[in-house]
Amino acid sequence: MNENIQYITLPSSLEKEIKGFKVRSDIQIPIQLPAKVKKPLPEHITIESICAGMIIVIAYHPEDKNFNYYRDFVLACQPDCIQELNTAAITKERQKDYPFAEQLFLAVYHMLPQSASCINLATLYSSWAAFKKKEKNEKEEDFYTAKCLNTLKDGLEKFGENEAILAELGSIESYLGNLEDAREYLSRYVKVATEGEKKEKLKKILKEVEFRIDSDNEINQAYDFMMLEEEDKALSSIESFLKKNPNIWHGHFIKGWALRKKKDYLNAEKSFLRCLELGESNSEIYNELSICSLETGRKDLAKNYLDIAIELESDNFTLMNNLAYLHLVDGEYDEAKKWIEKCRQIAPEDKQIQAMMAEYTEKTGEEFKDVITEELVKTPDDDKAREKMNDFDGEDDGYEEELKALGEEDYAKGFSTVNMKKFGLEDEE
């Protein structure tokens, strides 16, 4: 509960009707006090502060015994508050003020539970997760992704086989790579969905998901054979897969991996190059190409492939270690030292690095200095400064496209700024 919420009891003299709603003196009501105010004064008790306090309780404590009274009170004082709160929430989300947007979306969802308000709340969590991903905060990204999914699942419990929520769940699970879950929700969606362009689009996604599940099963079988060091069985399995799916890069990668393990480096190289032709580009492919090039006597090409691999995965210790070794054995000492130093920053006690350092010193006569680590000192103003920069980064984060409201009412169409004082809902200083 908000720390600036306090409960008061209205005197019986204030009991009256507001558009058919009876104000009662026997129910304690919450008010939101201004920041840093601990004790309410008469001037703090206004309709705005009462509505603000009630909205906070509605948002975070829908189980409150007086929930219905608070909701009816707010609706009596401000009949259009749901639309206004929703529009304000969208505005706050676009400004990346996610905690405040969450409060407003929760209030809307609890005051008028509909598939539209459920999806808007879930979309907020999805945007929040995307923001945390951009910050490379994996723990919080997972947290808000889970909140997104849980909100939609809660919506299914409330509204049954709702096609809008099933569509969202199926699409998100597909994006996350949870293919079995995606197939379940999309299959349920197809059974209840209204005919139209959206249904046809999601039917295609369902087919792709089913294809990926079947493909993954075959690829996983070949992968299991590779882990058991049964390259011939892996090759047989993956060749069967590639006859049916010649344009799936994963299949060509496993084929190349098996051939490389069998020391058929030239044919392995062809398979890895086929992965690139099909549009896939990752560090593992370039590392494998580097091995094939090295084993066929093309050291410079092997180094080039490793350079590309490191560009794609800049913190990969193994890749940097390999590149340092290749430069060292070729007598390219400046480059060797550069990569050895990078490796030392990651694993200064690694035995291979220690051996390369000794060899470098033996051949050049140059000793390595102690590893210098940088420690970043965070000041109390850093977070505020970063928030301000985020508000004015000038980037299009795709929120317009993500803010879709599907269901009985489309609350997400308004993007105009709302006067927050209308509800007493102001940002705290």
# chains A, B, ... in the order shown; residues from 1 in each chain; ligands from 1
>>> select_by_dssp(residues="region 261-332 of chain A", states="helix (DSSP H, G or I)", output="ChimeraX atom specification")
/A:261,265-277,283-295,299-312,317-329
>>> residues_around(residues="Ala167 (chain A)", least_positions_apart="2", cutoff="8 Å", atoms="only C-alpha atoms", output="list in words")
Glu163, Ala164, Ile165, Leu169, Gly170, Ser171, Tyr185, Leu186, Tyr189 and Leu202 of chain A
>>> closest_residue(among="A:Gln221, A:Gln78, A:Gln345, A:Asn120", to="Cys51 (chain A)", atoms="only C-alpha atoms")
A:Gln78
>>> residues_around(residues="Lys139 (chain A)", least_positions_apart="6", cutoff="10 Å", atoms="only C-alpha atoms", output="list in words")
Ala129, Lys132 and Lys133 of chain A
>>> residues_around(residues="Val57 (chain A)", least_positions_apart="5", cutoff="12 Å", atoms="only C-alpha atoms", output="ChimeraX atom specification")
/A:1-7,29-32,50-52,62-71,74,103-104,106-108,110-111
>>> residues_around(residues="Leu206 (chain A)", least_positions_apart="3", cutoff="10 Å", atoms="only C-alpha atoms", output="ChimeraX atom specification")
/A:170-171,174,179,182-187,189-190,200-203,209-212
>>> closest_residue(among="A:Asp216, A:Glu366, A:Glu231, A:Asp330", to="Lys299 (chain A)", atoms="only C-alpha atoms")
A:Asp330
>>> residues_around(residues="region 19-23 of chain A", least_positions_apart="2", cutoff="9 Å", atoms="only C-alpha atoms", output="list in words")
Leu14, Glu15, Lys16, Glu17, Ser25, Asp72, Phe73, Ala76 and Cys77 of chain A
>>> write_last_selection(atoms="N, CA and C atoms", output="mmCIF file, in the first residue's frame")
data_model
loop_
_atom_site.group_PDB
_atom_site.id
_atom_site.type_symbol
_atom_site.label_atom_id
_atom_site.label_comp_id
_atom_site.auth_asym_id
_atom_site.auth_seq_id
_atom_site.Cartn_x
_atom_site.Cartn_y
_atom_site.Cartn_z
ATOM 1 N N LEU A 14 -21.941 14.647 6.603
ATOM 2 C CA LEU A 14 -21.585 14.617 5.182
ATOM 3 C C LEU A 14 -22.271 13.488 4.423
ATOM 4 N N GLU A 15 -23.102 12.720 5.116
ATOM 5 C CA GLU A 15 -23.833 11.678 4.402
ATOM 6 C C GLU A 15 -24.811 12.321 3.422
ATOM 7 N N LYS A 16 -24.701 11.940 2.167
ATOM 8 C CA LYS A 16 -25.582 12.495 1.138
ATOM 9 C C LYS A 16 -25.568 11.577 -0.066
ATOM 10 N N GLU A 17 -26.383 11.877 -1.037
ATOM 11 C CA GLU A 17 -26.424 11.093 -2.262
ATOM 12 C C GLU A 17 -25.720 11.831 -3.384
ATOM 13 N N SER A 25 -21.099 7.284 6.545
ATOM 14 C CA SER A 25 -20.128 7.703 7.570
ATOM 15 C C SER A 25 -19.589 6.525 8.373
ATOM 16 N N ASP A 72 -17.770 2.288 -6.411
ATOM 17 C CA ASP A 72 -18.995 3.041 -6.699
ATOM 18 C C ASP A 72 -18.838 4.515 -6.342
ATOM 19 N N PHE A 73 -18.085 4.789 -5.290
ATOM 20 C CA PHE A 73 -17.821 6.185 -4.890
ATOM 21 C C PHE A 73 -17.098 6.914 -6.017
ATOM 22 N N ALA A 76 -19.271 7.432 -9.064
ATOM 23 C CA ALA A 76 -20.294 8.463 -8.844
ATOM 24 C C ALA A 76 -19.697 9.858 -8.978
ATOM 25 N N CYS A 77 -18.476 10.020 -8.444
ATOM 26 C CA CYS A 77 -17.813 11.337 -8.514
ATOM 27 C C CYS A 77 -17.296 11.641 -9.918
#
>>> atom_distance(atom1="CA of Lys338 (chain A)", atom2="CA of Glu313 (chain A)")
17.0 Å
>>> atom_distance(atom1="CA of Lys96 (chain A)", atom2="CA of Phe131 (chain A)")
8.4 Å
>>> atom_distance(atom1="CA of Lys261 (chain A)", atom2="CA of Lys243 (chain A)")
21.8 Å
